[in-house]
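Beneath this line is the structure, given in structure tokens, with notes to follow.
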Amino acid sequence: MTHRALNRLLAVALFAAVELLYLRTMAPTLSFWDCGEFIATAYTLGVPHPPGAPLFLLLGRVFSMIPLFSDIGARVNLISTLASSATVMLTYLIALRFIIMYRKSDPESWSPGDRVSACGSALVAALALAFSDSFWFNAVETEVYALSSFFTAMVLWLMLRWHEDYPNPGHERWLMLMMYMVGLSIGVHLLSLLAVFAAAMIYYFRKYEVTLKSFAMLVAASSALFVLIYQVIIKGLPVLFQFASWWGFLLLLFLLAYGVWYTHKERFAMLNTLLVSLFLIIIGYTSYGMIYVRAQAGPPINENNPSTPEAFFSYLNREQYGDMPLWPRRWSPEPLHQYFYQQYTSDLDYFVGYQLNRMYLRYFGWQFIGREHDMEGAGVDWSVLWGLPFLAGFAGAVAHFRRQWKMGLVVTALFLLTGAALVIYLNQTEPQPRERDYSYAGSFFAFALWIGIGIEALWCWLKVRTNAANGKSQTALAVVLITASLLLVNGRMLQANFRVHDRSGNFVPWDWAWNILQSCEKDAILFTNGDNDTFPLWYLQEVERIRTDVRVVNLSLANTGWYLLQLKNSSPRGAKPVAFSSADGELSSITYIPIDSVDVGVSAGSAGLMLERKAARYGISLPSRPADSLKWVLKPGFSYEGQGYLRPQDIAVYEIVANNFPDRPIYFALTVDQESMIGLQRHLRLDGLAYRVVPLESPDPMSFIDSAELYRLLNEVYRFRNLNNPEVALEETSRKLCGNYTPLFVRLALELAVEPGGTIRLDGRDGSLRSAVRGELAVEVLDRAAKVLPPDRYPMNPELAASVVSLYSRLGSKKKADQYIDYLENLAAGSSYRSDPKLFFVLAGAYRDAGRPREAEKIIESLARELQEPRIKEAFEQKKEP
């Protein structure tokens, strides 16, 4: 078999194998963070957050119509699996191409040992990328980073094809195609633009002799090319469009087309190639026209509403996020950021200690050394991958420079510009809302190439050291080395990362959104906080058409005038507009208002009477008598230098409550922080995953629940698919949000256990009322919580676990409390009296409540002795059951 045939066969087989793996581990529907927004905007051709990803959305729309899966989210997820598999295939081809280049021999003349070592090493490089932590994470969900990585790899591969073809006739076609890929990549993510510098270096090394002068020209020319693409085309064309509208843009295209024709006619090859490349970049960039056109149509998701040239310009330039200077490194005036800045002695200390080490080198270690665990803040653990991928890559970098320093410099440029240099550009603040490892996928791709080169270099070294002179011994050595590398490098990475990246069976985001929406009554207004309690809801409403009557009000977006205008003036999917008393002009220019706490009130209408009727129907008690008006203290949501301010979102919340209550139900999602509730905490009723605004005052903030309503939601409405299935792995975000469910069950059980012998009326499935003994119902609720959310799978607060033990014991079901005592014992086994005395105090209380006083006394005595605090015994004796 010829080298070309073998190479193509291996590439296709690699693509198929990796694609099968990604399909096996792909999320069955949407995932958290931006995934729900991207799927929803792809399906409806809406406008996502700036700067958008129009090409990705167009592809998503096409894939959403392919009936391979019943779930639309799964169909769009398929883009990432295919793009990632293609990137892995390109990694193999690129790594092999580098090996061919520094061997300086025709692959057709290679011995079997040469072929096995070269192709096998490239295969190890590709699989190292495929099984790496961040790349795999992006490969199985709807995000732009998988497709962005594909474009990065494609740019590099096309330049290597040009390098091989030059100076044969027609070699320019590779350059033109590469530039078109750059133009297309703009419609996905800008990270792939950084590959332009590596491409420029390949061009330079192939055509010019390396001198100080020519290298300086390379730096200037590559920088000019980047400026041309980023500043002139990406940022400059919107300016042209803003001032000259479509006519100016069409005139530019005409001039370019004429230039291409003229330079071709006059045989100006270099200028023609440049103009065609420029033309192709602009053609690729025109995918952004979709954003402008769709914004004109006013889709339900229309972020920033870039329907005018001015708004479109602002959208493309991400103006709503503000500027991040390159210096100083500690630039944010936000109090939270200032607090963390103070932990560092200087800007340099902050850059090295946080931005470079924690926000890049730690992520790099996750890929090729080992990730400590799958939770946020995980460190690097050498025992996971034994550091073998890292050592192979480091050896490969050294070998690449020794054998062909020019191409080694190309990979180094890609590695640094998409890694450490990106850290400088991003200038990230501490803390970040999530891990940002996905930003450095290009750097990890570059290092994976060196892993393959490192394996091939090891084969060359072993061949010399073992005196493998004949073909058979060289082939045997290559087979053994490649097999060992596949097992020890790739096999270990697959073993370490498969479980944590297997999303199959994970329906938590879909169910989370369903449960939040079903917590709301018809035509409700629901305040949400961030990505994970907003984007999944958008997905269900826009894609699945579920509960489109609920108006989701994202508090982060409520700080912008365009969003408030959409809430006031639009009716997406037939939902009612949100009433505001402010005029459109006031909303569009909304800003901070200095204010101190002030008493405010809103008429409650018949809402109080409805509360009393419902309480009487179900036999539940109210914490106070409903009032004819909703009165509370409006509190500033932000303070600066002693002055309180109402943020735009605070003004929006007040306006919405004042102008829509009680005509429409108003809710805050469970995840909304109390600072965003403008002082309404005592007027909230817990309805599952949402708090409802009610016209009565609770003795404690957010302490009022409707037992009948909460029981209905938890037992008859909410979905908890696969939460108790040990075969299904849940990533950290899913586990964290699922941690909100157990407290709801326990809170309901506590309320029911207040009068265990009393009765409560519940709605039957046929619509009739049925009576239930409150104590028996409390046990049933706790049993369901233990079944749906086993404590060994979903970590819970020790005090909460002890409350369950106490409840079971009070209700005569002590045996059922054993699993929660086991949970507390397991926590204690990993701790000590000095490190966490509160845990042992809680465990002792659980023992006592469960009828095991000797074990309780033993712990308290040991705790008092260890801490030399005899009053602990007295405090324990005085402690009452909850």
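Every chain in the structure tokens has a letter given in the order shown (A, B, ...), and although residue numbers restart at 1 in each chain, ligands are simply numbered from 1 in the order shown.
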Distance table requested - region 512-531 of chain A against region 679-688 of chain A, cut-off 10 Å, only C-alpha atoms: one row per qualifying residue with the closest atom pair and its distance in Å to one decimal, ordered by chain and rising residue number, as JSON lines.
```
{"residue": "A:Asn515", "atom": "CA", "partner": "A:Gly688", "partner_atom": "CA", "distance": 8.1}
{"residue": "A:Ile516", "atom": "CA", "partner": "A:Gly688", "partner_atom": "CA", "distance": 7.7}
{"residue": "A:Gln518", "atom": "CA", "partner": "A:Gly688", "partner_atom": "CA", "distance": 9.2}
{"residue": "A:Ser519", "atom": "CA", "partner": "A:Gly688", "partner_atom": "CA", "distance": 6.1}
{"residue": "A:Cys520", "atom": "CA", "partner": "A:Asp687", "partner_atom": "CA", "distance": 8.1}
```
message: If we count only C-alpha atoms and set the cut-off at 12 Å, which residues sit around Leu564 (chain A), ignoring sequence neighbours fewer than 3 positions away in its own chain? Please answer as number ranges by chain.
response: A: 302-305, 552-561, 567-570, 577-590, 648-649, 651-653, 655-656
message: List the spatial neighbours of Val543 (chain A) as a list of chain:residue names - criterion: any atom at most 8 Å away, only C-alpha atoms, same-chain residues fewer than 2 positions off excluded.
response: A:Ala40, A:Tyr43, A:Thr44, A:Ile72, A:Trp538, A:Tyr539, A:Leu540, A:Gln541, A:Arg545
Based on the selection just made, write N, CA, C and O atoms of those residues as a PDB file, in the first residue's frame.
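Saved result, selection.pdb, follows:
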```pdb
ATOM      1  N   ALA A  40     -31.057  27.699  20.918  1.00  0.00           N
ATOM      2  CA  ALA A  40     -32.301  28.439  20.703  1.00  0.00           C
ATOM      3  C   ALA A  40     -32.157  29.458  19.579  1.00  0.00           C
ATOM      4  O   ALA A  40     -33.042  29.596  18.724  1.00  0.00           O
ATOM      5  N   TYR A  43     -31.862  27.596  16.201  1.00  0.00           N
ATOM      6  CA  TYR A  43     -33.136  27.041  15.756  1.00  0.00           C
ATOM      7  C   TYR A  43     -34.079  28.120  15.236  1.00  0.00           C
ATOM      8  O   TYR A  43     -34.810  27.913  14.265  1.00  0.00           O
ATOM      9  N   THR A  44     -34.058  29.289  15.876  1.00  0.00           N
ATOM     10  CA  THR A  44     -34.964  30.379  15.487  1.00  0.00           C
ATOM     11  C   THR A  44     -34.274  31.457  14.664  1.00  0.00           C
ATOM     12  O   THR A  44     -34.918  32.437  14.282  1.00  0.00           O
ATOM     13  N   ILE A  72     -33.864  18.454  19.456  1.00  0.00           N
ATOM     14  CA  ILE A  72     -33.210  19.474  18.632  1.00  0.00           C
ATOM     15  C   ILE A  72     -31.822  19.795  19.178  1.00  0.00           C
ATOM     16  O   ILE A  72     -30.867  19.988  18.419  1.00  0.00           O
ATOM     17  N   TRP A 538     -34.862  29.699  27.958  1.00  0.00           N
ATOM     18  CA  TRP A 538     -35.029  30.152  26.575  1.00  0.00           C
ATOM     19  C   TRP A 538     -35.126  28.962  25.634  1.00  0.00           C
ATOM     20  O   TRP A 538     -35.908  28.976  24.678  1.00  0.00           O
ATOM     21  N   TYR A 539     -34.310  27.960  25.872  1.00  0.00           N
ATOM     22  CA  TYR A 539     -34.331  26.777  25.010  1.00  0.00           C
ATOM     23  C   TYR A 539     -35.707  26.117  25.031  1.00  0.00           C
ATOM     24  O   TYR A 539     -36.282  25.814  23.980  1.00  0.00           O
ATOM     25  N   LEU A 540     -36.253  25.886  26.220  1.00  0.00           N
ATOM     26  CA  LEU A 540     -37.559  25.228  26.310  1.00  0.00           C
ATOM     27  C   LEU A 540     -38.647  26.076  25.674  1.00  0.00           C
ATOM     28  O   LEU A 540     -39.553  25.547  25.010  1.00  0.00           O
ATOM     29  N   GLN A 541     -38.558  27.378  25.847  1.00  0.00           N
ATOM     30  CA  GLN A 541     -39.596  28.244  25.293  1.00  0.00           C
ATOM     31  C   GLN A 541     -39.473  28.377  23.774  1.00  0.00           C
ATOM     32  O   GLN A 541     -40.485  28.304  23.060  1.00  0.00           O
ATOM     33  N   ARG A 545     -41.193  25.038  22.730  1.00  0.00           N
ATOM     34  CA  ARG A 545     -42.460  25.761  22.859  1.00  0.00           C
ATOM     35  C   ARG A 545     -43.182  25.405  24.170  1.00  0.00           C
ATOM     36  O   ARG A 545     -44.393  25.239  24.225  1.00  0.00           O
TER      37      ARG A 545
END
```
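Using only C-alpha atoms, the shortest contact distance between Glu430 (chain A) and any of A:Gln343, A:Gln674, A:Gln404, A:Thr466 is found at A:Gln343.
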task: List every residue of region 194-357 of chain A that DSSP, applied to the backbone of this structure, places in alpha helix (DSSP H), and write the result as a PyMOL selection string.
output: chain A and resi 195-207+212-227+236-265+269-285+289-297+309-316+335-341+347-350
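Here CA of Thr429 (chain A) stands at a distance of 22.9 Å from CA of Ser314 (chain A).
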Taking only C-alpha atoms into account, produce a table as a tab-separated table in which each residue of region 35-126 of chain A with an atom at most 10 Å from an atom of region 452-464 of chain A appears once, together with its shortest atom pair and the distance in Å to one decimal, ordered by chain and rising number.
```
residue	atom	partner	partner_atom	distance
A:Thr91	CA	A:Gly452	CA	9.6
A:Tyr92	CA	A:Gly452	CA	8.6
A:Ala95	CA	A:Gly452	CA	6.5
A:Leu96	CA	A:Gly452	CA	8.2
A:Phe98	CA	A:Ile453	CA	8.0
A:Ile99	CA	A:Ile453	CA	6.8
A:Gly113	CA	A:Trp459	CA	9.6
A:Asp114	CA	A:Glu456	CA	9.3
A:Val116	CA	A:Glu456	CA	9.6
A:Ser117	CA	A:Glu456	CA	5.9
A:Ala118	CA	A:Glu456	CA	6.2
A:Cys119	CA	A:Glu456	CA	9.1
A:Gly120	CA	A:Gly452	CA	8.2
A:Ser121	CA	A:Gly452	CA	4.5
A:Ala122	CA	A:Gly452	CA	4.9
A:Leu123	CA	A:Gly452	CA	7.3
A:Val124	CA	A:Gly452	CA	5.7
A:Ala125	CA	A:Gly452	CA	4.3
A:Ala126	CA	A:Gly452	CA	7.8
```
Please dump the current selection as an mmCIF file, in the first residue's frame; keep N, CA, C and O atoms.
```
data_model
loop_
_atom_site.group_PDB
_atom_site.id
_atom_site.type_symbol
_atom_site.label_atom_id
_atom_site.label_comp_id
_atom_site.auth_asym_id
_atom_site.auth_seq_id
_atom_site.Cartn_x
_atom_site.Cartn_y
_atom_site.Cartn_z
ATOM 1 N N THR A 91 -5.137 17.058 13.075
ATOM 2 C CA THR A 91 -3.979 16.988 13.960
ATOM 3 C C THR A 91 -3.057 15.850 13.542
ATOM 4 O O THR A 91 -1.822 15.994 13.517
ATOM 5 N N TYR A 92 -3.641 14.720 13.206
ATOM 6 C CA TYR A 92 -2.854 13.587 12.713
ATOM 7 C C TYR A 92 -2.116 13.971 11.435
ATOM 8 O O TYR A 92 -0.902 13.737 11.296
ATOM 9 N N ALA A 95 0.689 16.645 12.211
ATOM 10 C CA ALA A 95 1.833 16.059 12.900
ATOM 11 C C ALA A 95 2.664 15.205 11.947
ATOM 12 O O ALA A 95 3.905 15.253 11.951
ATOM 13 N N LEU A 96 1.994 14.419 11.120
ATOM 14 C CA LEU A 96 2.712 13.594 10.148
ATOM 15 C C LEU A 96 3.436 14.460 9.133
ATOM 16 O O LEU A 96 4.574 14.145 8.727
ATOM 17 N N PHE A 98 4.719 17.435 9.612
ATOM 18 C CA PHE A 98 5.939 17.962 10.246
ATOM 19 C C PHE A 98 7.032 16.891 10.285
ATOM 20 O O PHE A 98 8.209 17.195 10.069
ATOM 21 N N ILE A 99 6.649 15.651 10.573
ATOM 22 C CA ILE A 99 7.636 14.565 10.606
ATOM 23 C C ILE A 99 8.246 14.367 9.221
ATOM 24 O O ILE A 99 9.466 14.192 9.064
ATOM 25 N N GLY A 113 9.409 0.208 9.289
ATOM 26 C CA GLY A 113 9.641 0.811 10.593
ATOM 27 C C GLY A 113 9.469 2.305 10.571
ATOM 28 O O GLY A 113 8.910 2.908 11.503
ATOM 29 N N ASP A 114 9.948 2.949 9.491
ATOM 30 C CA ASP A 114 9.772 4.392 9.347
ATOM 31 C C ASP A 114 8.284 4.758 9.281
ATOM 32 O O ASP A 114 7.842 5.743 9.883
ATOM 33 N N VAL A 116 5.635 2.964 10.392
ATOM 34 C CA VAL A 116 4.949 2.710 11.659
ATOM 35 C C VAL A 116 5.268 3.800 12.665
ATOM 36 O O VAL A 116 4.369 4.306 13.364
ATOM 37 N N SER A 117 6.526 4.197 12.754
ATOM 38 C CA SER A 117 6.912 5.205 13.742
ATOM 39 C C SER A 117 6.295 6.563 13.420
ATOM 40 O O SER A 117 5.811 7.268 14.317
ATOM 41 N N ALA A 118 6.322 6.945 12.131
ATOM 42 C CA ALA A 118 5.788 8.262 11.756
ATOM 43 C C ALA A 118 4.271 8.309 11.886
ATOM 44 O O ALA A 118 3.718 9.198 12.557
ATOM 45 N N CYS A 119 3.593 7.363 11.244
ATOM 46 C CA CYS A 119 2.125 7.361 11.297
ATOM 47 C C CYS A 119 1.625 7.091 12.713
ATOM 48 O O CYS A 119 0.653 7.705 13.167
ATOM 49 N N GLY A 120 2.291 6.185 13.417
ATOM 50 C CA GLY A 120 1.876 5.878 14.784
ATOM 51 C C GLY A 120 2.064 7.051 15.718
ATOM 52 O O GLY A 120 1.215 7.341 16.570
ATOM 53 N N SER A 121 3.182 7.781 15.558
ATOM 54 C CA SER A 121 3.426 8.948 16.405
ATOM 55 C C SER A 121 2.393 10.037 16.144
ATOM 56 O O SER A 121 1.899 10.686 17.086
ATOM 57 N N ALA A 122 2.060 10.257 14.868
ATOM 58 C CA ALA A 122 1.025 11.239 14.543
ATOM 59 C C ALA A 122 -0.321 10.816 15.114
ATOM 60 O O ALA A 122 -1.121 11.657 15.557
ATOM 61 N N LEU A 123 -0.569 9.520 15.117
ATOM 62 C CA LEU A 123 -1.812 9.009 15.699
ATOM 63 C C LEU A 123 -1.860 9.270 17.203
ATOM 64 O O LEU A 123 -2.902 9.659 17.746
ATOM 65 N N VAL A 124 -0.744 9.083 17.886
ATOM 66 C CA VAL A 124 -0.672 9.366 19.321
ATOM 67 C C VAL A 124 -0.949 10.843 19.585
ATOM 68 O O VAL A 124 -1.667 11.204 20.526
ATOM 69 N N ALA A 125 -0.384 11.721 18.726
ATOM 70 C CA ALA A 125 -0.620 13.167 18.880
ATOM 71 C C ALA A 125 -2.098 13.490 18.747
ATOM 72 O O ALA A 125 -2.667 14.243 19.556
ATOM 73 N N ALA A 126 -2.732 12.923 17.726
ATOM 74 C CA ALA A 126 -4.144 13.218 17.483
ATOM 75 C C ALA A 126 -5.024 12.718 18.615
ATOM 76 O O ALA A 126 -5.944 13.418 19.064
#
```
message: I'd like the contact shell of Ala708 (chain A) - 7 Å cut-off, only C-alpha atoms, skipping same-chain residues fewer than 2 positions apart - returned as a ChimeraX atom specification.
response: /A:618,706,710-712,762
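Nearest to Pro328 (chain A) of all the residues A:Arg434, A:Tyr341, A:Ile525, A:Asp792 is A:Tyr341, based on only C-alpha atoms.
Distances to Ala817 (chain A) were evaluated for A:Ser149, A:Gln320, A:Ser803, A:Ser31 using only C-alpha atoms, and the minimum falls at A:Ser803.
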task: Within 10 Å of Lys816 (chain A), counting only C-alpha atoms, which residues show up once you throw out same-chain ones fewer than 5 positions away? Write them as a list in words, please.
output: Val779, Leu782, Asp783, Ala786, Val804, Val805, Tyr808, Ser809, Ile821 and Ala850 of chain A
Export of the given selection (N, CA and C atoms) as a PDB file, in the first residue's frame:
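Output saved as part-v8.pdb:
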```
ATOM      1  N   VAL A 779     -42.818  11.787  56.075  1.00  0.00           N
ATOM      2  CA  VAL A 779     -41.968  10.613  55.854  1.00  0.00           C
ATOM      3  C   VAL A 779     -41.925  10.263  54.371  1.00  0.00           C
ATOM      4  N   LEU A 782     -39.562  12.647  52.633  1.00  0.00           N
ATOM      5  CA  LEU A 782     -38.165  12.316  52.907  1.00  0.00           C
ATOM      6  C   LEU A 782     -37.740  11.053  52.164  1.00  0.00           C
ATOM      7  N   ASP A 783     -38.624  10.086  52.085  1.00  0.00           N
ATOM      8  CA  ASP A 783     -38.309   8.857  51.350  1.00  0.00           C
ATOM      9  C   ASP A 783     -38.061   9.158  49.873  1.00  0.00           C
ATOM     10  N   ALA A 786     -34.662  10.748  49.399  1.00  0.00           N
ATOM     11  CA  ALA A 786     -33.579   9.776  49.491  1.00  0.00           C
ATOM     12  C   ALA A 786     -33.495   8.906  48.247  1.00  0.00           C
ATOM     13  N   VAL A 804     -32.536  15.800  58.620  1.00  0.00           N
ATOM     14  CA  VAL A 804     -33.260  14.635  58.117  1.00  0.00           C
ATOM     15  C   VAL A 804     -33.258  13.518  59.155  1.00  0.00           C
ATOM     16  N   VAL A 805     -32.121  13.300  59.794  1.00  0.00           N
ATOM     17  CA  VAL A 805     -32.036  12.284  60.849  1.00  0.00           C
ATOM     18  C   VAL A 805     -33.020  12.606  61.963  1.00  0.00           C
ATOM     19  N   TYR A 808     -36.733  12.017  60.730  1.00  0.00           N
ATOM     20  CA  TYR A 808     -37.071  10.597  60.671  1.00  0.00           C
ATOM     21  C   TYR A 808     -37.284  10.042  62.087  1.00  0.00           C
ATOM     22  N   SER A 809     -36.407  10.462  62.996  1.00  0.00           N
ATOM     23  CA  SER A 809     -36.502   9.950  64.376  1.00  0.00           C
ATOM     24  C   SER A 809     -37.779  10.432  65.048  1.00  0.00           C
ATOM     25  N   ILE A 821     -26.876   9.134  58.483  1.00  0.00           N
ATOM     26  CA  ILE A 821     -25.820   9.008  59.491  1.00  0.00           C
ATOM     27  C   ILE A 821     -24.552   8.471  58.837  1.00  0.00           C
ATOM     28  N   ALA A 850     -31.040   9.770  66.791  1.00  0.00           N
ATOM     29  CA  ALA A 850     -31.331   8.432  66.274  1.00  0.00           C
ATOM     30  C   ALA A 850     -31.364   7.380  67.377  1.00  0.00           C
TER      31      ALA A 850
END
```
message: Which residues are close to region 234-250 of chain A, i.e. within 6 Å by only C-alpha atoms, leaving aside same-chain residues fewer than 4 positions away? Reply as a ChimeraX atom specification.
response: /A:230,309,313
field: One-decimal distance in Å that lies between CA of Leu9 (chain A) and CA of Met89 (chain A)
entry: 11.0 Å
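Among the candidates A:Trp327, A:Phe151, A:Phe197, A:Tyr258, the one nearest to Met178 (chain A) when counting only C-alpha atoms is A:Phe151.
The interatomic distance for the pair CA of Gly60 (chain A) and CA of Asp502 (chain A) works out to 22.2 Å.
Residues of region 401-611 of chain A that DSSP places in strand (DSSP E or B), based on the backbone of this structure, are Ile525, Leu526, Phe527, Thr528, Arg551, Val552, Val553, Asn554, Ile593, Pro594, Val598, Asp599, Val600, Gly601, Val602 and Ser603 of chain A.
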Take the residues from that selection and put them in a file with N, CA, C and O atoms, as a PDB file, in the first residue's frame.
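Produced file result-v4.pdb, reproduced below:
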```
ATOM      1  N   ILE A 525     -44.312  36.543  35.470  1.00  0.00           N
ATOM      2  CA  ILE A 525     -43.051  37.243  35.206  1.00  0.00           C
ATOM      3  C   ILE A 525     -42.014  36.621  36.138  1.00  0.00           C
ATOM      4  O   ILE A 525     -42.211  36.586  37.359  1.00  0.00           O
ATOM      5  N   LEU A 526     -40.935  36.114  35.573  1.00  0.00           N
ATOM      6  CA  LEU A 526     -39.938  35.374  36.351  1.00  0.00           C
ATOM      7  C   LEU A 526     -38.588  36.063  36.241  1.00  0.00           C
ATOM      8  O   LEU A 526     -38.019  36.175  35.153  1.00  0.00           O
ATOM      9  N   PHE A 527     -38.059  36.534  37.370  1.00  0.00           N
ATOM     10  CA  PHE A 527     -36.732  37.126  37.408  1.00  0.00           C
ATOM     11  C   PHE A 527     -35.686  36.020  37.536  1.00  0.00           C
ATOM     12  O   PHE A 527     -35.783  35.169  38.431  1.00  0.00           O
ATOM     13  N   THR A 528     -34.703  36.041  36.649  1.00  0.00           N
ATOM     14  CA  THR A 528     -33.601  35.088  36.722  1.00  0.00           C
ATOM     15  C   THR A 528     -32.297  35.854  36.886  1.00  0.00           C
ATOM     16  O   THR A 528     -32.255  37.075  36.717  1.00  0.00           O
ATOM     17  N   ARG A 551     -42.834  35.251  31.061  1.00  0.00           N
ATOM     18  CA  ARG A 551     -41.819  36.210  30.609  1.00  0.00           C
ATOM     19  C   ARG A 551     -40.611  36.120  31.520  1.00  0.00           C
ATOM     20  O   ARG A 551     -40.662  36.462  32.706  1.00  0.00           O
ATOM     21  N   VAL A 552     -39.535  35.618  30.963  1.00  0.00           N
ATOM     22  CA  VAL A 552     -38.285  35.486  31.707  1.00  0.00           C
ATOM     23  C   VAL A 552     -37.559  36.825  31.661  1.00  0.00           C
ATOM     24  O   VAL A 552     -37.271  37.355  30.581  1.00  0.00           O
ATOM     25  N   VAL A 553     -37.254  37.374  32.824  1.00  0.00           N
ATOM     26  CA  VAL A 553     -36.567  38.662  32.925  1.00  0.00           C
ATOM     27  C   VAL A 553     -35.196  38.423  33.539  1.00  0.00           C
ATOM     28  O   VAL A 553     -35.066  38.191  34.743  1.00  0.00           O
ATOM     29  N   ASN A 554     -34.174  38.448  32.703  1.00  0.00           N
ATOM     30  CA  ASN A 554     -32.811  38.244  33.179  1.00  0.00           C
ATOM     31  C   ASN A 554     -32.287  39.532  33.811  1.00  0.00           C
ATOM     32  O   ASN A 554     -32.246  40.579  33.156  1.00  0.00           O
ATOM     33  N   ILE A 593     -29.169  55.386  40.132  1.00  0.00           N
ATOM     34  CA  ILE A 593     -29.831  56.480  40.840  1.00  0.00           C
ATOM     35  C   ILE A 593     -29.401  56.436  42.307  1.00  0.00           C
ATOM     36  O   ILE A 593     -29.598  55.414  42.980  1.00  0.00           O
ATOM     37  N   PRO A 594     -28.821  57.514  42.837  1.00  0.00           N
ATOM     38  CA  PRO A 594     -28.459  57.533  44.263  1.00  0.00           C
ATOM     39  C   PRO A 594     -29.728  57.573  45.119  1.00  0.00           C
ATOM     40  O   PRO A 594     -30.654  58.342  44.847  1.00  0.00           O
ATOM     41  N   VAL A 598     -36.076  53.422  51.313  1.00  0.00           N
ATOM     42  CA  VAL A 598     -37.309  54.200  51.343  1.00  0.00           C
ATOM     43  C   VAL A 598     -38.503  53.258  51.389  1.00  0.00           C
ATOM     44  O   VAL A 598     -38.471  52.170  50.805  1.00  0.00           O
ATOM     45  N   ASP A 599     -39.546  53.660  52.121  1.00  0.00           N
ATOM     46  CA  ASP A 599     -40.768  52.856  52.194  1.00  0.00           C
ATOM     47  C   ASP A 599     -41.577  53.025  50.919  1.00  0.00           C
ATOM     48  O   ASP A 599     -41.803  54.147  50.448  1.00  0.00           O
ATOM     49  N   VAL A 600     -42.015  51.900  50.353  1.00  0.00           N
ATOM     50  CA  VAL A 600     -42.835  51.927  49.137  1.00  0.00           C
ATOM     51  C   VAL A 600     -44.011  50.968  49.324  1.00  0.00           C
ATOM     52  O   VAL A 600     -44.011  50.118  50.208  1.00  0.00           O
ATOM     53  N   GLY A 601     -45.007  51.111  48.473  1.00  0.00           N
ATOM     54  CA  GLY A 601     -46.177  50.255  48.558  1.00  0.00           C
ATOM     55  C   GLY A 601     -46.852  50.106  47.217  1.00  0.00           C
ATOM     56  O   GLY A 601     -46.785  50.989  46.366  1.00  0.00           O
ATOM     57  N   VAL A 602     -47.516  48.954  47.030  1.00  0.00           N
ATOM     58  CA  VAL A 602     -48.245  48.648  45.807  1.00  0.00           C
ATOM     59  C   VAL A 602     -49.558  47.997  46.205  1.00  0.00           C
ATOM     60  O   VAL A 602     -49.594  47.128  47.092  1.00  0.00           O
ATOM     61  N   SER A 603     -50.638  48.396  45.593  1.00  0.00           N
ATOM     62  CA  SER A 603     -51.935  47.799  45.894  1.00  0.00           C
ATOM     63  C   SER A 603     -51.917  46.311  45.582  1.00  0.00           C
ATOM     64  O   SER A 603     -51.414  45.881  44.543  1.00  0.00           O
TER      65      SER A 603
END
```
Nearby residues (only C-alpha atoms) at most 9 Å from Arg161 (chain A), same-chain spacing under 5 positions excluded, as a PDB file with C-alpha atoms, in the first residue's frame:
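around_37.pdb written:
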```pdb
ATOM      1  CA  ARG A  97       3.460  16.452   7.755  1.00  0.00           C
ATOM      2  CA  LEU A 156      -2.371  25.410   9.638  1.00  0.00           C
ATOM      3  CA  TYR A 166       5.162  25.644  -3.745  1.00  0.00           C
ATOM      4  CA  HIS A 171       0.060  26.819  -5.431  1.00  0.00           C
ATOM      5  CA  TRP A 174      -4.019  26.945  -0.982  1.00  0.00           C
TER       6      TRP A 174
END
```
